[in-house]
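Before any comments, here is the structure.
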Amino acid sequence: MNRKGMGHGGEDAYFYASNSNGTWALGVADGVYEWRNVGIDPGIFSRQLVEYCRQAVELGTIDVLRVLQFASKHLKRSGALGSSTISLGIIDTIQGRLEAATVGDSGFLVLGRSVDSYMATTSRGKLLLRYR
C-alpha cells in the first residue's frame, strides 16, 4: 500500500517527510517476520515506527537520533509488540548535510555527483556526508 508520505508491504514500511526548517527525511523499517510465529503481526510495529518518525520530522526534529528517540518513546506508549530494523536519513537542504542512522542489519548507499564530498563520523556515532 502506498500513500502520500508513507507506505507498507507485508511487515515492511517506509516514510518520507519534510518540514519548514528545510529538512527532508526518509526511512525504511524492516519488520521481523518471525513474530508471526507467536501470533503477532510484525507489520503493525514497523508501520507505527515509521509513522512516529514521520511525525517527529514534521514537528521540526532535525536530528536522526532524536527522531528515533521520539519514535521509540511513542512505540513503547502504544504497546505495540514486535521488532524492526530501520534506516533513517535526514537531509538539511540549507546546509547541504545528510545525517543517517541505522538500527539492526539494514543499511543504504548514498550516491552523489561531487568528487569533493567527504564523510565524517561524529562523536555521537552519526554519519555526516557533506557535498561541496
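Following the order of the C-alpha cells, first chain is A, next is B, and so on, with residues numbered from 1 inside each chain and ligands from 1 in the order they appear.
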
**OP:** Mind the document's chain letters and residue numbers, and return as a VMD selection string the residues of stretch 2-107 of chain A that DSSP labels strand (DSSP E).
**Re:** chain A and resid 2 to 3 6 to 9 12 to 18 23 to 31 84 to 92 97 to 103

Subject >> Selection near A:Ala13, 9 Å with only C-alpha atoms, sequence-local residues under 2 positions removed, as a PyMOL selection string >> reply: chain A and resi 6-11+15+27-31+43+46-50

Residue subset to file, keeping N, CA, C and O atoms, as a PDB file, in the first residue's frame:
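The resulting part-v3.pdb:
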ATOM      1  N   MET A   6       4.039   7.858   2.961  1.00  0.00           N
ATOM      2  CA  MET A   6       4.393   6.585   3.572  1.00  0.00           C
ATOM      3  C   MET A   6       3.718   5.432   2.847  1.00  0.00           C
ATOM      4  O   MET A   6       2.833   5.630   2.030  1.00  0.00           O
ATOM      5  N   GLY A   7       4.164   4.234   3.179  1.00  0.00           N
ATOM      6  CA  GLY A   7       3.578   3.044   2.597  1.00  0.00           C
ATOM      7  C   GLY A   7       4.088   1.809   3.311  1.00  0.00           C
ATOM      8  O   GLY A   7       4.963   1.894   4.172  1.00  0.00           O
ATOM      9  N   HIS A   8       3.534   0.659   2.937  1.00  0.00           N
ATOM     10  CA  HIS A   8       3.970  -0.583   3.571  1.00  0.00           C
ATOM     11  C   HIS A   8       3.641  -1.767   2.684  1.00  0.00           C
ATOM     12  O   HIS A   8       2.812  -1.696   1.787  1.00  0.00           O
ATOM     13  N   GLY A   9       4.318  -2.844   2.945  1.00  0.00           N
ATOM     14  CA  GLY A   9       4.089  -4.109   2.263  1.00  0.00           C
ATOM     15  C   GLY A   9       4.500  -5.222   3.197  1.00  0.00           C
ATOM     16  O   GLY A   9       5.640  -5.251   3.661  1.00  0.00           O
ATOM     17  N   GLY A  10       3.574  -6.119   3.538  1.00  0.00           N
ATOM     18  CA  GLY A  10       3.899  -7.185   4.476  1.00  0.00           C
ATOM     19  C   GLY A  10       4.314  -6.608   5.812  1.00  0.00           C
ATOM     20  O   GLY A  10       3.617  -5.797   6.404  1.00  0.00           O
ATOM     21  N   GLU A  11       5.491  -6.996   6.285  1.00  0.00           N
ATOM     22  CA  GLU A  11       5.978  -6.490   7.573  1.00  0.00           C
ATOM     23  C   GLU A  11       6.906  -5.286   7.427  1.00  0.00           C
ATOM     24  O   GLU A  11       7.489  -4.832   8.404  1.00  0.00           O
ATOM     25  N   PHE A  15       8.683   5.777   4.986  1.00  0.00           N
ATOM     26  CA  PHE A  15       8.089   7.109   5.020  1.00  0.00           C
ATOM     27  C   PHE A  15       9.041   8.096   4.378  1.00  0.00           C
ATOM     28  O   PHE A  15      10.227   7.844   4.229  1.00  0.00           O
ATOM     29  N   GLY A  27      12.859   7.086   5.611  1.00  0.00           N
ATOM     30  CA  GLY A  27      13.226   5.930   6.415  1.00  0.00           C
ATOM     31  C   GLY A  27      12.535   4.681   5.925  1.00  0.00           C
ATOM     32  O   GLY A  27      11.441   4.743   5.367  1.00  0.00           O
ATOM     33  N   VAL A  28      13.212   3.547   6.128  1.00  0.00           N
ATOM     34  CA  VAL A  28      12.663   2.244   5.773  1.00  0.00           C
ATOM     35  C   VAL A  28      12.803   1.337   6.978  1.00  0.00           C
ATOM     36  O   VAL A  28      13.899   1.214   7.546  1.00  0.00           O
ATOM     37  N   ALA A  29      11.716   0.700   7.380  1.00  0.00           N
ATOM     38  CA  ALA A  29      11.712  -0.230   8.508  1.00  0.00           C
ATOM     39  C   ALA A  29      11.406  -1.631   7.987  1.00  0.00           C
ATOM     40  O   ALA A  29      10.469  -1.823   7.219  1.00  0.00           O
ATOM     41  N   ASP A  30      12.203  -2.581   8.415  1.00  0.00           N
ATOM     42  CA  ASP A  30      12.053  -3.973   8.005  1.00  0.00           C
ATOM     43  C   ASP A  30      11.605  -4.773   9.227  1.00  0.00           C
ATOM     44  O   ASP A  30      12.422  -5.148  10.070  1.00  0.00           O
ATOM     45  N   GLY A  31      10.295  -4.982   9.342  1.00  0.00           N
ATOM     46  CA  GLY A  31       9.742  -5.714  10.475  1.00  0.00           C
ATOM     47  C   GLY A  31      10.214  -7.168  10.490  1.00  0.00           C
ATOM     48  O   GLY A  31      10.467  -7.766   9.446  1.00  0.00           O
ATOM     49  N   GLY A  43       3.991  -6.272  10.947  1.00  0.00           N
ATOM     50  CA  GLY A  43       3.768  -5.075  10.146  1.00  0.00           C
ATOM     51  C   GLY A  43       3.256  -3.903  10.958  1.00  0.00           C
ATOM     52  O   GLY A  43       3.537  -2.747  10.646  1.00  0.00           O
ATOM     53  N   SER A  46       6.372  -2.053  12.495  1.00  0.00           N
ATOM     54  CA  SER A  46       7.156  -1.269  11.536  1.00  0.00           C
ATOM     55  C   SER A  46       6.363  -0.078  11.000  1.00  0.00           C
ATOM     56  O   SER A  46       6.917   1.004  10.804  1.00  0.00           O
ATOM     57  N   ARG A  47       5.055  -0.241  10.792  1.00  0.00           N
ATOM     58  CA  ARG A  47       4.236   0.890  10.326  1.00  0.00           C
ATOM     59  C   ARG A  47       4.160   1.985  11.384  1.00  0.00           C
ATOM     60  O   ARG A  47       4.252   3.176  11.069  1.00  0.00           O
ATOM     61  N   GLN A  48       3.994   1.605  12.652  1.00  0.00           N
ATOM     62  CA  GLN A  48       3.965   2.607  13.711  1.00  0.00           C
ATOM     63  C   GLN A  48       5.334   3.281  13.863  1.00  0.00           C
ATOM     64  O   GLN A  48       5.400   4.486  14.085  1.00  0.00           O
ATOM     65  N   LEU A  49       6.395   2.517  13.727  1.00  0.00           N
ATOM     66  CA  LEU A  49       7.743   3.081  13.822  1.00  0.00           C
ATOM     67  C   LEU A  49       7.946   4.190  12.797  1.00  0.00           C
ATOM     68  O   LEU A  49       8.379   5.298  13.138  1.00  0.00           O
ATOM     69  N   VAL A  50       7.620   3.932  11.531  1.00  0.00           N
ATOM     70  CA  VAL A  50       7.819   4.976  10.520  1.00  0.00           C
ATOM     71  C   VAL A  50       6.834   6.123  10.684  1.00  0.00           C
ATOM     72  O   VAL A  50       7.165   7.275  10.392  1.00  0.00           O
TER      73      VAL A  50
END

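Of the listed residues A:Ala101, A:Gly79, A:Glu34, A:Ser87, the one whose atoms come nearest to A:Leu65 is A:Ala101, with distances taken using only C-alpha atoms.
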
Original post:
Do you know which residues are at most 12 Å from A:Val64 counting only C-alpha atoms, after dropping those on the same chain fewer than 3 positions away, and could you put them as a PyMOL selection string?
Top reply: chain A and resi 23-27+53-54+56-57+60-61+67-71+86-92+98-103+124-128

Convert the current residue selection to file output with N, CA and C atoms, as a tab-separated table (two decimals), in the first residue's frame.
chain	number	residue	atom	x	y	z
A	23	THR	N	14.33	20.76	5.99
A	23	THR	CA	14.77	19.39	6.25
A	23	THR	C	13.88	18.41	5.49
A	24	TRP	N	14.51	17.41	4.90
A	24	TRP	CA	13.80	16.35	4.21
A	24	TRP	C	14.28	15.03	4.78
A	25	ALA	N	13.39	14.08	5.04
A	25	ALA	CA	13.78	12.82	5.68
A	25	ALA	C	13.11	11.64	5.00
A	26	LEU	N	13.76	10.49	5.13
A	26	LEU	CA	13.18	9.25	4.65
A	26	LEU	C	13.66	8.11	5.53
A	27	GLY	N	12.86	7.09	5.61
A	27	GLY	CA	13.23	5.93	6.41
A	27	GLY	C	12.53	4.68	5.92
A	53	CYS	N	8.33	8.33	13.32
A	53	CYS	CA	9.47	9.05	12.74
A	53	CYS	C	8.99	10.21	11.86
A	54	ARG	N	7.98	9.94	11.04
A	54	ARG	CA	7.42	10.98	10.17
A	54	ARG	C	6.87	12.13	11.01
A	56	ALA	N	7.79	13.07	14.00
A	56	ALA	CA	8.90	13.81	14.62
A	56	ALA	C	9.50	14.80	13.63
A	57	VAL	N	9.70	14.36	12.40
A	57	VAL	CA	10.28	15.25	11.39
A	57	VAL	C	9.32	16.39	11.09
A	60	GLY	N	9.39	19.23	13.37
A	60	GLY	CA	10.59	20.07	13.35
A	60	GLY	C	11.86	19.42	13.85
A	61	THR	N	11.82	18.16	14.25
A	61	THR	CA	13.03	17.48	14.71
A	61	THR	C	13.96	17.27	13.52
A	67	VAL	N	14.92	11.82	16.43
A	67	VAL	CA	13.76	11.24	15.73
A	67	VAL	C	13.53	9.81	16.21
A	68	LEU	N	14.61	9.02	16.30
A	68	LEU	CA	14.48	7.64	16.76
A	68	LEU	C	14.06	7.57	18.22
A	69	GLN	N	14.54	8.49	19.05
A	69	GLN	CA	14.12	8.53	20.45
A	69	GLN	C	12.63	8.84	20.56
A	70	PHE	N	12.16	9.80	19.77
A	70	PHE	CA	10.75	10.16	19.74
A	70	PHE	C	9.91	8.95	19.36
A	71	ALA	N	10.32	8.26	18.29
A	71	ALA	CA	9.58	7.09	17.82
A	71	ALA	C	9.59	5.98	18.86
A	86	ILE	N	15.70	-0.39	11.09
A	86	ILE	CA	15.33	0.86	10.42
A	86	ILE	C	16.58	1.55	9.88
A	87	SER	N	16.44	2.11	8.70
A	87	SER	CA	17.45	3.01	8.14
A	87	SER	C	16.77	4.36	7.97
A	88	LEU	N	17.40	5.38	8.52
A	88	LEU	CA	16.81	6.72	8.54
A	88	LEU	C	17.84	7.73	8.03
A	89	GLY	N	17.43	8.57	7.13
A	89	GLY	CA	18.29	9.65	6.63
A	89	GLY	C	17.57	10.97	6.70
A	90	ILE	N	18.28	12.01	7.14
A	90	ILE	CA	17.72	13.36	7.21
A	90	ILE	C	18.66	14.29	6.47
A	91	ILE	N	18.11	15.03	5.53
A	91	ILE	CA	18.89	15.95	4.72
A	91	ILE	C	18.53	17.38	5.07
A	92	ASP	N	19.54	18.14	5.46
A	92	ASP	CA	19.39	19.58	5.68
A	92	ASP	C	19.68	20.24	4.35
A	98	LEU	N	23.77	15.59	5.22
A	98	LEU	CA	22.99	14.38	5.44
A	98	LEU	C	23.40	13.75	6.75
A	99	GLU	N	22.41	13.43	7.59
A	99	GLU	CA	22.65	12.65	8.79
A	99	GLU	C	21.92	11.33	8.59
A	100	ALA	N	22.56	10.25	9.00
A	100	ALA	CA	21.96	8.94	8.81
A	100	ALA	C	22.15	8.08	10.05
A	101	ALA	N	21.19	7.20	10.28
A	101	ALA	CA	21.29	6.24	11.37
A	101	ALA	C	20.65	4.94	10.91
A	102	THR	N	21.23	3.84	11.33
A	102	THR	CA	20.63	2.54	11.08
A	102	THR	C	20.58	1.78	12.39
A	103	VAL	N	19.52	1.02	12.57
A	103	VAL	CA	19.37	0.14	13.72
A	103	VAL	C	19.14	-1.25	13.15
A	124	ARG	N	28.83	11.22	18.40
A	124	ARG	CA	27.58	10.54	18.76
A	124	ARG	C	27.29	9.38	17.82
A	125	GLY	N	28.22	9.08	16.91
A	125	GLY	CA	28.06	7.93	16.04
A	125	GLY	C	27.24	8.18	14.79
A	126	LYS	N	26.89	9.44	14.51
A	126	LYS	CA	26.12	9.74	13.32
A	126	LYS	C	27.06	9.92	12.14
A	127	LEU	N	26.64	9.47	10.99
A	127	LEU	CA	27.41	9.65	9.77
A	127	LEU	C	26.96	10.95	9.11
A	128	LEU	N	27.91	11.82	8.87
A	128	LEU	CA	27.61	13.07	8.18
A	128	LEU	C	28.23	13.02	6.80

Subject >> helix (DSSP H, G or I) residues, from DSSP on the backbone, in stretch 9-113 of chain A, as a PyMOL selection string >> reply: chain A and resi 33-38+42-58+64-78

Original post:
In terms of the shortest atom-to-atom distance over only C-alpha atoms, which of A:Lys73, A:Asn37, A:Asp12, A:Ile44 is closest to A:Ser106?
Top reply: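 Among the listed residues, A:Asp12 lies closest to A:Ser106.
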
**OP:** Mind checking which residues fall within 10 Å of A:Ile40, counting only C-alpha atoms, ignoring those fewer than 6 positions away in the same chain, and posting them as a list in words?
**Re:**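 The residues that qualify are Tyr33, Glu34, Ala80, Leu81 and Gly82 of chain A.
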
Give me a file of those residues, with all heavy atoms, as an mmCIF file, in the first residue's frame.
data_model
loop_
_atom_site.group_PDB
_atom_site.id
_atom_site.type_symbol
_atom_site.label_atom_id
_atom_site.label_comp_id
_atom_site.auth_asym_id
_atom_site.auth_seq_id
_atom_site.Cartn_x
_atom_site.Cartn_y
_atom_site.Cartn_z
ATOM 1 N N TYR A 33 9.754 -10.847 10.581
ATOM 2 C CA TYR A 33 8.695 -11.777 10.195
ATOM 3 C C TYR A 33 8.416 -12.828 11.264
ATOM 4 O O TYR A 33 7.267 -13.250 11.444
ATOM 5 C CB TYR A 33 9.058 -12.461 8.879
ATOM 6 C CG TYR A 33 8.008 -13.429 8.404
ATOM 7 C CD1 TYR A 33 6.898 -12.969 7.700
ATOM 8 C CD2 TYR A 33 8.087 -14.785 8.690
ATOM 9 C CE1 TYR A 33 5.913 -13.849 7.273
ATOM 10 C CE2 TYR A 33 7.106 -15.664 8.278
ATOM 11 C CZ TYR A 33 6.025 -15.192 7.571
ATOM 12 O OH TYR A 33 5.048 -16.060 7.165
ATOM 13 N N GLU A 34 9.430 -13.259 11.980
ATOM 14 C CA GLU A 34 9.292 -14.349 12.951
ATOM 15 C C GLU A 34 8.238 -14.093 14.023
ATOM 16 O O GLU A 34 7.755 -15.036 14.644
ATOM 17 C CB GLU A 34 10.640 -14.648 13.617
ATOM 18 C CG GLU A 34 11.663 -15.247 12.675
ATOM 19 C CD GLU A 34 11.219 -16.585 12.079
ATOM 20 O OE1 GLU A 34 10.731 -17.462 12.830
ATOM 21 O OE2 GLU A 34 11.339 -16.731 10.849
ATOM 22 N N ALA A 80 2.705 -1.479 21.180
ATOM 23 C CA ALA A 80 2.933 -2.327 20.003
ATOM 24 C C ALA A 80 3.994 -3.378 20.315
ATOM 25 O O ALA A 80 5.007 -3.086 20.941
ATOM 26 C CB ALA A 80 3.385 -1.477 18.820
ATOM 27 N N LEU A 81 3.727 -4.605 19.882
ATOM 28 C CA LEU A 81 4.673 -5.691 20.078
ATOM 29 C C LEU A 81 5.359 -6.012 18.752
ATOM 30 O O LEU A 81 4.748 -5.941 17.693
ATOM 31 C CB LEU A 81 3.954 -6.933 20.599
ATOM 32 C CG LEU A 81 3.261 -6.785 21.947
ATOM 33 C CD1 LEU A 81 2.485 -8.048 22.275
ATOM 34 C CD2 LEU A 81 4.267 -6.470 23.042
ATOM 35 N N GLY A 82 6.619 -6.375 18.840
ATOM 36 C CA GLY A 82 7.362 -6.724 17.648
ATOM 37 C C GLY A 82 8.740 -6.103 17.680
ATOM 38 O O GLY A 82 9.192 -5.599 18.716
#
